[in-house]
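Have a look at entry39.csv below; it lists CSV, C-alpha atoms.
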chain,number,residue,atom,x,y,z
A,108,ALA,CA,-22.7,-7.6,-8.9
A,109,ILE,CA,-22.3,-6.3,-12.4
A,110,GLY,CA,-21.1,-2.7,-12.9
A,111,ASP,CA,-19.3,-0.5,-10.6
A,112,ILE,CA,-19.2,-0.9,-6.8
A,113,ASN,CA,-18.9,2.4,-4.9
A,114,ILE,CA,-18.3,2.5,-1.2
A,115,THR,CA,-18.2,6.2,-0.3
A,116,SER,CA,-17.6,7.2,3.3
A,117,SER,CA,-19.4,4.1,4.5
A,118,ILE,CA,-18.6,0.7,6.0
A,119,VAL,CA,-19.3,-2.7,4.5
A,120,SER,CA,-18.1,-5.3,6.9
A,121,SER,CA,-18.7,-8.9,7.8
A,122,ASN,CA,-17.4,-11.4,10.4
A,123,GLY,CA,-17.5,-13.9,7.6
A,124,ALA,CA,-16.0,-14.2,4.1
A,125,VAL,CA,-16.8,-11.4,1.6
A,126,ALA,CA,-16.7,-11.7,-2.2
A,127,VAL,CA,-17.4,-8.9,-4.6
A,128,THR,CA,-17.3,-8.9,-8.4
A,129,GLY,CA,-17.9,-6.1,-10.9
A,130,THR,CA,-16.3,-3.6,-13.2
A,131,ASN,CA,-14.7,-0.9,-11.1
A,132,LEU,CA,-14.3,-0.9,-7.3
A,133,ASN,CA,-14.1,2.5,-5.6
A,134,VAL,CA,-13.6,2.7,-1.9
A,135,VAL,CA,-13.4,6.4,-1.3
A,136,SER,CA,-13.6,8.7,1.7
A,137,THR,CA,-15.1,12.1,1.2
A,138,SER,CA,-16.2,12.9,4.8
A,139,ALA,CA,-15.6,9.7,6.9
A,140,LEU,CA,-14.0,6.2,6.9
A,141,ALA,CA,-14.7,4.2,3.7
A,142,LEU,CA,-14.2,0.4,4.4
A,143,LEU,CA,-14.7,-2.9,2.7
A,144,GLN,CA,-13.8,-5.7,5.2
A,145,GLY,CA,-14.3,-9.4,5.8
A,146,ALA,CA,-12.8,-12.5,7.4
A,147,GLY,CA,-11.4,-13.6,4.1
A,148,LEU,CA,-12.0,-11.3,1.2
A,149,ILE,CA,-12.1,-11.7,-2.6
A,150,ALA,CA,-12.5,-8.8,-5.0
A,151,THR,CA,-12.6,-9.6,-8.7
A,152,MET,CA,-12.9,-6.6,-10.9
A,153,SER,CA,-12.6,-6.3,-14.7
A,154,GLY,CA,-11.7,-2.7,-14.5
A,155,ASP,CA,-9.9,-0.5,-11.9
A,156,ILE,CA,-9.7,-0.6,-8.1
A,157,ASN,CA,-9.3,2.8,-6.4
A,158,VAL,CA,-8.8,3.3,-2.6
A,159,THR,CA,-8.7,7.0,-1.8
A,160,GLY,CA,-8.4,8.7,1.6
A,161,SER,CA,-9.5,12.3,2.2
A,162,ALA,CA,-8.7,15.0,4.7
A,163,SER,CA,-11.6,13.6,6.8
A,164,GLY,CA,-11.3,9.9,6.7
A,165,ALA,CA,-9.3,6.8,5.7
A,166,ALA,CA,-10.1,4.2,3.0
A,167,ALA,CA,-9.4,0.5,3.3
A,168,ILE,CA,-10.0,-3.0,1.9
A,169,ASN,CA,-9.1,-5.4,4.7
A,170,SER,CA,-9.2,-9.1,5.5
A,171,ILE,CA,-9.2,-9.4,9.3
A,172,ALA,CA,-8.8,-13.2,9.1
A,173,GLY,CA,-8.2,-15.7,6.3
A,174,PRO,CA,-6.7,-15.0,2.9
A,175,GLN,CA,-7.3,-12.0,0.7
A,176,THR,CA,-7.4,-12.1,-3.2
A,177,ILE,CA,-7.6,-8.8,-5.0
A,178,SER,CA,-7.7,-8.9,-8.8
A,179,ALA,CA,-8.1,-6.0,-11.2
A,180,GLY,CA,-8.2,-6.2,-15.0
A,181,GLY,CA,-7.2,-2.6,-15.0
A,182,ASN,CA,-5.1,-0.6,-12.5
A,183,ILE,CA,-5.0,-0.5,-8.7
A,184,ALA,CA,-4.5,3.0,-7.2
A,185,LEU,CA,-4.2,3.9,-3.6
A,186,THR,CA,-4.0,7.6,-2.5
A,187,GLY,CA,-3.6,8.8,1.1
A,188,GLY,CA,-5.6,11.8,2.3
A,189,ALA,CA,-4.5,15.4,1.7
A,190,GLY,CA,-4.9,16.5,5.3
A,191,GLY,CA,-5.9,15.4,8.8
A,192,THR,CA,-4.4,12.5,10.7
A,193,TRP,CA,-4.4,8.7,10.0
A,194,ASN,CA,-6.4,9.3,6.7
A,195,TYR,CA,-4.5,6.5,5.0
A,196,ALA,CA,-5.4,4.4,1.9
A,197,GLU,CA,-4.8,0.7,2.5
A,198,ILE,CA,-5.3,-2.9,1.2
A,199,TYR,CA,-4.3,-5.2,4.0
A,200,SER,CA,-4.6,-8.8,5.0
A,201,PHE,CA,-4.0,-10.4,8.4
A,202,GLY,CA,-3.5,-13.7,6.5
A,203,ALA,CA,-2.1,-14.5,3.0
A,204,GLN,CA,-2.5,-12.0,0.2
A,205,ASN,CA,-2.6,-12.3,-3.6
A,206,VAL,CA,-2.9,-9.1,-5.6
A,207,SER,CA,-2.9,-8.9,-9.4
A,208,ALA,CA,-3.5,-6.0,-11.7
A,209,SER,CA,-2.4,-4.4,-15.0
A,210,GLY,CA,-0.6,-1.7,-13.1
A,211,MET,CA,-0.3,-0.4,-9.5
A,212,THR,CA,0.2,3.1,-8.1
A,213,LEU,CA,0.5,4.0,-4.5
A,214,THR,CA,0.7,7.7,-3.5
A,215,GLY,CA,1.3,9.0,0.0
A,216,GLY,CA,-0.9,11.9,1.2
A,217,ALA,CA,-0.2,15.5,0.0
A,218,GLY,CA,-0.6,16.8,3.5
A,219,GLY,CA,-1.5,15.8,7.1
A,220,THR,CA,0.0,13.2,9.3
A,221,ASN,CA,0.3,9.4,8.8
A,222,ASN,CA,-1.7,9.6,5.6
A,223,TYR,CA,0.1,6.7,4.0
A,224,ALA,CA,-0.7,4.5,1.0
A,225,GLN,CA,0.0,0.8,1.7
A,226,ILE,CA,-0.6,-2.7,0.4
A,227,GLY,CA,0.4,-5.1,3.1
A,228,SER,CA,-0.1,-8.6,4.6
A,229,SER,CA,1.0,-10.5,7.7
A,230,GLY,CA,1.0,-13.8,5.8
A,231,ASP,CA,2.4,-14.9,2.4
A,232,GLN,CA,2.2,-12.1,-0.2
A,233,GLN,CA,2.1,-12.6,-3.9
A,234,ILE,CA,1.8,-9.6,-6.3
A,235,ASN,CA,1.6,-9.9,-10.1
A,236,ILE,CA,1.6,-7.0,-12.5
A,237,SER,CA,0.7,-7.9,-16.1
A,238,THR,CA,1.4,-4.9,-18.3
A,239,SER,CA,3.9,-2.0,-19.0
A,240,ALA,CA,2.1,0.1,-16.5
A,241,GLY,CA,4.3,-1.5,-13.8
A,242,ILE,CA,4.4,-0.3,-10.2
A,243,THR,CA,4.9,3.3,-9.0
A,244,LEU,CA,5.3,4.2,-5.3
A,245,GLN,CA,5.3,7.9,-4.6
A,246,GLY,CA,6.1,9.3,-1.1
A,247,GLY,CA,3.9,12.1,0.1
A,248,ALA,CA,4.3,15.8,0.9
A,249,GLY,CA,3.1,18.5,3.3
A,250,THR,CA,4.3,20.0,6.5
A,251,SER,CA,3.9,17.0,8.8
A,252,TYR,CA,5.2,13.4,8.5
A,253,GLY,CA,4.3,9.7,7.9
A,254,ASN,CA,2.9,10.0,4.4
A,255,PHE,CA,4.8,7.1,2.9
A,256,ALA,CA,3.9,4.7,0.1
A,257,GLU,CA,4.8,1.1,0.7
A,258,ILE,CA,4.3,-2.6,-0.3
A,259,ALA,CA,4.9,-4.4,3.0
A,260,HIS,CA,5.1,-8.1,4.1
A,261,GLY,CA,4.8,-8.4,7.9
A,262,THR,CA,6.0,-10.9,10.5
A,263,GLY,CA,3.2,-13.4,10.3
A,264,GLY,CA,5.0,-15.9,8.0
A,265,GLY,CA,5.4,-16.8,4.4
A,266,ASN,CA,7.3,-15.0,1.7
A,267,GLN,CA,7.0,-11.9,-0.5
A,268,ALA,CA,7.1,-12.4,-4.3
A,269,ILE,CA,6.5,-9.6,-6.7
A,270,ASN,CA,6.4,-10.5,-10.4
A,271,ILE,CA,6.5,-7.9,-13.1
A,272,TYR,CA,5.4,-9.1,-16.6
A,273,GLY,CA,5.8,-5.7,-18.2
A,274,GLY,CA,7.1,-2.2,-17.3
A,275,SER,CA,9.2,-0.9,-14.5
A,276,VAL,CA,9.1,-0.5,-10.7
A,277,THR,CA,9.6,3.1,-9.7
A,278,LEU,CA,10.1,4.3,-6.1
A,279,VAL,CA,10.2,8.0,-5.4
A,280,GLY,CA,10.7,9.5,-2.0
A,281,GLY,CA,8.4,12.3,-0.9
A,282,SER,CA,8.9,16.0,-0.3
A,283,GLY,CA,7.4,16.6,3.2
A,284,THR,CA,9.0,19.0,5.5
A,285,GLY,CA,7.7,18.0,8.9
A,286,THR,CA,9.9,15.8,11.2
A,287,THR,CA,9.5,13.2,13.9
A,288,ASN,CA,11.5,10.6,15.8
A,289,VAL,CA,8.6,8.2,16.1
A,290,ALA,CA,10.1,4.7,16.5
A,291,ASN,CA,8.1,3.0,13.7
A,292,LEU,CA,9.2,5.6,11.1
A,293,VAL,CA,12.9,6.3,11.7
A,294,PRO,CA,14.4,2.8,11.0
A,295,TRP,CA,13.0,2.7,7.5
A,296,VAL,CA,15.2,5.6,6.3
A,297,CYS,CA,18.4,4.3,8.1
A,298,ALA,CA,20.8,1.6,7.4
A,299,TYR,CA,20.3,-1.4,9.7
A,300,GLY,CA,22.1,-0.9,13.0
A,301,ASP,CA,23.1,2.8,12.3
A,302,SER,CA,22.5,4.2,15.8
A,303,ILE,CA,23.5,7.7,14.7
A,304,CYS,CA,20.9,7.7,12.1
A,305,TYR,CA,18.3,6.2,14.5
A,306,ALA,CA,18.8,9.2,16.7
A,307,GLN,CA,17.8,11.7,14.0
A,308,SER,CA,14.3,13.0,13.2
A,309,VAL,CA,12.9,12.1,9.8
A,310,THR,CA,9.9,13.0,7.7
A,311,GLY,CA,8.9,9.4,6.9
A,312,ASP,CA,7.4,10.2,3.5
A,313,TRP,CA,9.4,7.4,1.9
A,314,ALA,CA,8.6,5.0,-0.9
A,315,GLY,CA,9.5,1.4,-0.2
A,316,ILE,CA,9.1,-2.4,-0.6
A,317,SER,CA,9.7,-4.3,2.6
A,318,SER,CA,9.5,-7.8,4.1
A,319,ALA,CA,10.1,-8.7,7.7
A,320,VAL,CA,10.2,-12.5,7.4
A,321,GLY,CA,10.9,-15.2,4.9
A,322,ASP,CA,12.2,-14.8,1.4
A,323,GLN,CA,11.7,-11.6,-0.7
A,324,SER,CA,11.9,-11.5,-4.5
A,325,LEU,CA,11.2,-8.8,-7.1
A,326,THR,CA,11.4,-10.5,-10.5
A,327,PHE,CA,11.1,-8.9,-14.0
A,328,GLN,CA,9.6,-11.8,-16.0
A,329,ASN,CA,10.2,-10.1,-19.3
A,330,ALA,CA,13.2,-8.3,-20.7
A,331,GLY,CA,13.4,-4.6,-20.3
A,332,GLY,CA,12.2,-4.2,-16.8
A,333,VAL,CA,13.9,-1.5,-14.7
A,334,LEU,CA,14.0,-0.7,-11.0
A,335,LEU,CA,14.2,3.0,-10.4
A,336,ILE,CA,14.8,4.5,-7.0
A,337,THR,CA,14.8,8.2,-6.4
A,338,GLY,CA,15.4,9.7,-2.9
A,339,GLY,CA,13.2,12.5,-1.6
A,340,SER,CA,13.9,15.6,0.4
A,341,GLY,CA,13.7,16.5,4.0
A,342,GLY,CA,14.7,13.1,5.5
A,343,ASN,CA,12.7,11.0,3.1
Mind converting the file's structure to C-alpha cells?
Amino acid sequence: AIGDINITSSIVSSNGAVAVTGTNLNVVSTSALALLQGAGLIATMSGDINVTGSASGAAAINSIAGPQTISAGGNIALTGGAGGTWNYAEIYSFGAQNVSASGMTLTGGAGGTNNYAQIGSSGDQQINISTSAGITLQGGAGTSYGNFAEIAHGTGGGNQAINIYGGSVTLVGGSGTGTTNVANLVPWVCAYGDSICYAQSVTGDWAGISSAVGDQSLTFQNAGGVLLITGGSGGN
C-alpha cells in the first residue's frame, strides 16, 4: 500500500504472515479495540507508527507466532488509554522482534487501570534508534494503577540489544496515586529479594527496560548519549 494505513477501532488479523508498507501507520482506538495481527508480521513505513489506546479500547500490533519486524523512517509512539481498564498500547511478538525508528516514545495512560504502553517480545529482541530523538519512556498518571511504560524482553529465549545512534534514553516514573499489591506489578519497583518491599502496595506507573533471559545491552553507538532515569511519585 502507498500512503497512510489507518486501523481505527477495528481488527485486521490473519492466521498467516502479514506485511504492510506505506507512509504512516496509525493503529488507534476511539471506541473499541484496534488491532493489527499476524503469525509473523512485517510493517515497513517511511513515516511514523502510532499505537494509541483510548478510554474505551486497547491498541496493538502483534505477531502471535513467528518473527516481527517493525520499521519506521520517522518515530514510533505508543500511548496508553486515558481511562477504563486494560486499554493498553502495545507492539508485541511471541517470537523474535526487530524494531527500528528515528525515535521512540512510550507513554503510560493518563488514567484508568493497566493502561500501559509496551514494546515487548518473548524471543530475541533488537531495537535500533537512528537519530537524536532517542527513546523516552514516561510512566502514567491517574487515581488507579498499572499505567507503566516499558520495553520488555520475556522468557522465550534470545537476548535484548538496544542500540542508540543518536540522542539519549530517558525514563521517567509516573505520578499515579492509586495502589495495589498485584504480584506482577510489585517486583518491578523493588530490589531483587527485598521481602519488605514486596509486601508493600505500589502504583505501578513506572518507566523501565527489562529482560528476563539471556544478555541485555543498551549501547550508545555515538558519543554524547546519556541515560536519564527519574523516579516518579506515589510508589512509581
Measuring atom to atom with only C-alpha atoms, identify which of A:Asn291, A:Asn254, A:Ser324, A:Asn169 is nearest to Thr192 in chain A.
->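 Distance minimum relative to Thr192 in chain A lands on A:Asn254.
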Contacts of Gln232 in chain A within 7 Å, all atoms listed in the file, excl. fewer than 6 positions in-chain, as a ChimeraX atom specification | /A:203-205,260,266-268
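Contact shell of Val119 in chain A at 8 Å (only C-alpha atoms; same-chain neighbours under 4 positions omitted): Ile114, Leu142, Leu143 and Gln144 of chain A.
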Dump C-alpha atoms for the selected residues as an mmCIF file, in the coordinates of the input?
data_model
loop_
_atom_site.group_PDB
_atom_site.id
_atom_site.type_symbol
_atom_site.label_atom_id
_atom_site.label_comp_id
_atom_site.auth_asym_id
_atom_site.auth_seq_id
_atom_site.Cartn_x
_atom_site.Cartn_y
_atom_site.Cartn_z
ATOM 1 C CA ILE A 114 -18.300 2.500 -1.200
ATOM 2 C CA LEU A 142 -14.200 0.400 4.400
ATOM 3 C CA LEU A 143 -14.700 -2.900 2.700
ATOM 4 C CA GLN A 144 -13.800 -5.700 5.200
#
One-decimal distance in Å that lies between CA of Ser302 in chain A and CA of Ala224 in chain A = 27.5 Å
When distances are computed from only C-alpha atoms, which of A:Gly129, A:Gly264, A:Gly281, A:Gly164 shows the smallest separation from Ser251 in chain A?
-> A:Gly281
Residues within 8 Å of (2.0, 17.4, 5.4), file coords, only C-alpha atoms, listed as a ChimeraX atom specification = /A:189-190,216-220,247-252,254,283-285
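Distance-wise, CA of Ser161 in chain A and CA of Gly339 in chain A end up 23.0 Å apart.
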